[in-house]
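Here the structure is laid out as structure tokens; the discussion comes afterwards.
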Amino acid sequence: MSAATFTPTSIPEVVEIAPRVFQDPRGFFLESWNAHSFAEGGLEAQFVQDNHSRSTRGILRGMHYQLRQPQGKLVRVVRGEVFDVAIDLRRSSPTFKQWVGVYLSAAQHNMLWVPPGFAHGFYVTSETADLLYKCTDFYAPDDDHTLAWNDREIGVEWPLVNHEPPTLSDKDRAGKSLADAVTFP
């Protein structure tokens, strides 16, 4: 039996992963990454960096990407819930400018594979959320780009709490529109 179920989203390269969870009265166990079983599921990646982000309800982080050192990201939530979004920024792709959003939560134990070539971000829907993600390339501050979270041409439908604007960092507030952003070939 496979260690996980791999379900392509409406953008087939972006994959939701449901690991097999073993639960008993003591708690649970799951494999969050296994190179062999993930390769069998179609996801072959070498990770070089792990990140941990904690945020509170209403915070939006994104939409981030690196152009010269593109990062694939395996994202999971270990506390709380987020709405996780990937936007295809590959001009040669049939899904260019399309986005997909998946609720990731500690309760569901689900993960999202965001391949290189995509902008990534998330919005916190729970009181607090801890998000962990593995990256296929190192963070490169001089290659860090931010796409506007609310770009009208893309039209991400964020599940904003009470329809209030999200809390953003200065960097994310200054995100570029798709018309002004650099994209992948």
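We name chains A, B, ... following the order of the structure tokens; residues begin at 1 in each chain, and ligands are numbered from 1 as shown.
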
Write out as a count of residues only the residues lying within 12 Å of Pro165 (chain A), counting only C-alpha atoms and excluding same-chain residues fewer than 5 positions away.
11

Asp180 (chain A) environment, 12 Å, only C-alpha atoms, sequence neighbours closer than 5 positions dropped, as an NGL selection string:
:A and (145-148 or 151 or 153 or 174-175)

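Minimum atom-to-atom distance to Phe29 (chain A), evaluated using only C-alpha atoms, belongs to A:Ala3 out of A:Ala3, A:Glu44, A:Ser93, A:Asp142.
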
Tyr65 (chain A) surroundings by only C-alpha atoms, 8 Å radius, close-in-sequence under 6 positions cut, as a PyMOL selection string
chain A and resi 71+117-120+144-146

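Between Arg152 (chain A) and the residues A:Gln98, A:Thr128, A:Thr9, A:Thr167, the shortest atom-to-atom distance, using only C-alpha atoms, involves A:Gln98.
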
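Minimum atom-to-atom distances from A:His163, A:His52, A:Arg26, A:Arg20 to Arg79 (chain A) were compared using only C-alpha atoms, and the lowest value belongs to A:His52.
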
Which residues are close to Thr5 (chain A), i.e. within 8 Å by only C-alpha atoms, leaving aside same-chain residues fewer than 6 positions away? Reply as number ranges by chain.
A: 17-20, 41

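The shortest atom-to-atom distance to His64 (chain A), with only C-alpha atoms taken into account, belongs to A:Thr183 out of A:Thr183, A:Ser126, A:Ser37, A:Ser32.
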
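Note that CA of Asp143 (chain A) and CA of Glu13 (chain A) are 22.9 Å apart.
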
Which residues are near region 133-138 of chain A? Cut-off 6 Å, only C-alpha atoms, ignore same chain within fewer than 5 positions. Put them as a list in words.
Gln46, Phe47, Val48, Gln49, Asp50, Asn51, Gln71, Gly72, Lys73, Leu74 and Val75 of chain A

Identify all residues of chain A in strand (DSSP E) (DSSP on the backbone) and supply them as a ChimeraX atom specification.
/A:4-8,15-19,22-24,27-29,49-56,60-66,73-79,81-88,99-105,111-114,118-124,128-135,144-146

Those residues with C-alpha atoms, as an mmCIF file, in the first residue's frame please?
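For reference, result.cif as written:
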```cif
data_model
loop_
_atom_site.group_PDB
_atom_site.id
_atom_site.type_symbol
_atom_site.label_atom_id
_atom_site.label_comp_id
_atom_site.auth_asym_id
_atom_site.auth_seq_id
_atom_site.Cartn_x
_atom_site.Cartn_y
_atom_site.Cartn_z
ATOM 1 C CA ALA A 4 0.389 8.611 0.149
ATOM 2 C CA THR A 5 -2.261 9.467 -2.431
ATOM 3 C CA PHE A 6 -1.283 11.939 -5.147
ATOM 4 C CA THR A 7 -4.110 13.964 -6.705
ATOM 5 C CA PRO A 8 -3.380 16.438 -9.512
ATOM 6 C CA VAL A 15 -0.416 18.036 -6.774
ATOM 7 C CA GLU A 16 -2.287 17.604 -3.510
ATOM 8 C CA ILE A 17 -0.829 14.822 -1.405
ATOM 9 C CA ALA A 18 -2.674 12.906 1.292
ATOM 10 C CA PRO A 19 -0.211 10.873 3.339
ATOM 11 C CA PHE A 22 -1.614 5.763 11.287
ATOM 12 C CA GLN A 23 -3.642 6.761 14.341
ATOM 13 C CA ASP A 24 -4.211 5.137 17.704
ATOM 14 C CA GLY A 27 -1.569 9.956 18.565
ATOM 15 C CA PHE A 28 -0.562 9.507 14.928
ATOM 16 C CA PHE A 29 2.333 8.766 12.604
ATOM 17 C CA GLN A 49 16.191 23.736 2.367
ATOM 18 C CA ASP A 50 13.362 23.425 4.911
ATOM 19 C CA ASN A 51 11.390 26.481 6.084
ATOM 20 C CA HIS A 52 8.959 27.020 8.960
ATOM 21 C CA SER A 53 6.504 29.937 8.984
ATOM 22 C CA ARG A 54 4.109 30.917 11.788
ATOM 23 C CA SER A 55 1.326 33.406 11.128
ATOM 24 C CA THR A 56 -1.972 34.466 12.651
ATOM 25 C CA LEU A 60 -1.335 36.653 3.637
ATOM 26 C CA ARG A 61 2.199 35.792 2.569
ATOM 27 C CA GLY A 62 2.879 35.829 -1.170
ATOM 28 C CA MET A 63 2.935 35.584 -4.037
ATOM 29 C CA HIS A 64 6.648 34.714 -4.089
ATOM 30 C CA TYR A 65 8.931 33.144 -6.688
ATOM 31 C CA GLN A 66 12.532 33.050 -7.863
ATOM 32 C CA LYS A 73 7.993 23.562 -2.712
ATOM 33 C CA LEU A 74 6.388 20.737 -0.767
ATOM 34 C CA VAL A 75 4.063 22.563 1.617
ATOM 35 C CA ARG A 76 2.239 21.279 4.707
ATOM 36 C CA VAL A 77 0.553 22.744 7.763
ATOM 37 C CA VAL A 78 1.353 21.304 11.203
ATOM 38 C CA ARG A 79 -0.878 23.669 13.193
ATOM 39 C CA GLU A 81 -5.229 25.925 8.478
ATOM 40 C CA VAL A 82 -4.229 27.979 5.441
ATOM 41 C CA PHE A 83 -5.536 28.532 1.931
ATOM 42 C CA ASP A 84 -2.453 27.732 -0.147
ATOM 43 C CA VAL A 85 -2.184 29.140 -3.690
ATOM 44 C CA ALA A 86 0.022 28.432 -6.703
ATOM 45 C CA ILE A 87 -0.018 30.608 -9.845
ATOM 46 C CA ASP A 88 1.475 29.345 -13.105
ATOM 47 C CA TRP A 99 -4.162 29.611 -10.226
ATOM 48 C CA VAL A 100 -5.123 26.806 -7.906
ATOM 49 C CA GLY A 101 -5.954 27.033 -4.216
ATOM 50 C CA VAL A 102 -6.085 24.217 -1.666
ATOM 51 C CA TYR A 103 -6.933 24.310 2.025
ATOM 52 C CA LEU A 104 -4.075 22.714 3.941
ATOM 53 C CA SER A 105 -4.589 21.866 7.577
ATOM 54 C CA MET A 111 0.300 18.658 1.495
ATOM 55 C CA LEU A 112 0.720 20.552 -1.753
ATOM 56 C CA TRP A 113 3.499 20.184 -4.317
ATOM 57 C CA VAL A 114 4.165 23.525 -6.011
ATOM 58 C CA PHE A 118 4.955 28.994 -10.022
ATOM 59 C CA ALA A 119 4.367 31.885 -7.638
ATOM 60 C CA HIS A 120 3.375 30.615 -4.192
ATOM 61 C CA GLY A 121 1.564 32.132 -1.257
ATOM 62 C CA PHE A 122 -0.924 31.399 1.494
ATOM 63 C CA TYR A 123 -3.616 33.014 3.614
ATOM 64 C CA VAL A 124 -4.207 31.994 7.244
ATOM 65 C CA THR A 128 -2.642 30.565 14.167
ATOM 66 C CA ALA A 129 -0.936 28.425 11.537
ATOM 67 C CA ASP A 130 2.475 26.811 11.327
ATOM 68 C CA LEU A 131 3.456 26.002 7.769
ATOM 69 C CA LEU A 132 6.467 23.854 6.838
ATOM 70 C CA TYR A 133 7.851 23.641 3.343
ATOM 71 C CA LYS A 134 10.731 21.884 1.695
ATOM 72 C CA CYS A 135 12.452 23.689 -1.206
ATOM 73 C CA ASP A 144 13.276 37.113 -4.996
ATOM 74 C CA HIS A 145 10.151 38.346 -6.806
ATOM 75 C CA THR A 146 6.649 39.121 -5.576
#
```

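On the backbone of this structure, DSSP gives alpha helix (DSSP H) within region 6-74 of chain A to Ala35, His36, Ser37, Phe38, Ala39 and Glu40 of chain A.
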
I'd like the interatomic distance between CA of Leu67 (chain A) and CA of Thr125 (chain A), to a tenth of an Å.
28.9 Å

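If you look at CA of Lys97 (chain A) and CA of Ile154 (chain A), they are 5.9 Å away from each other.
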
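Shortest atom-to-atom contact with Pro94 (chain A) among A:Leu178, A:Ile11, A:Ala106, A:Ala35: A:Ile11, counting only C-alpha atoms.
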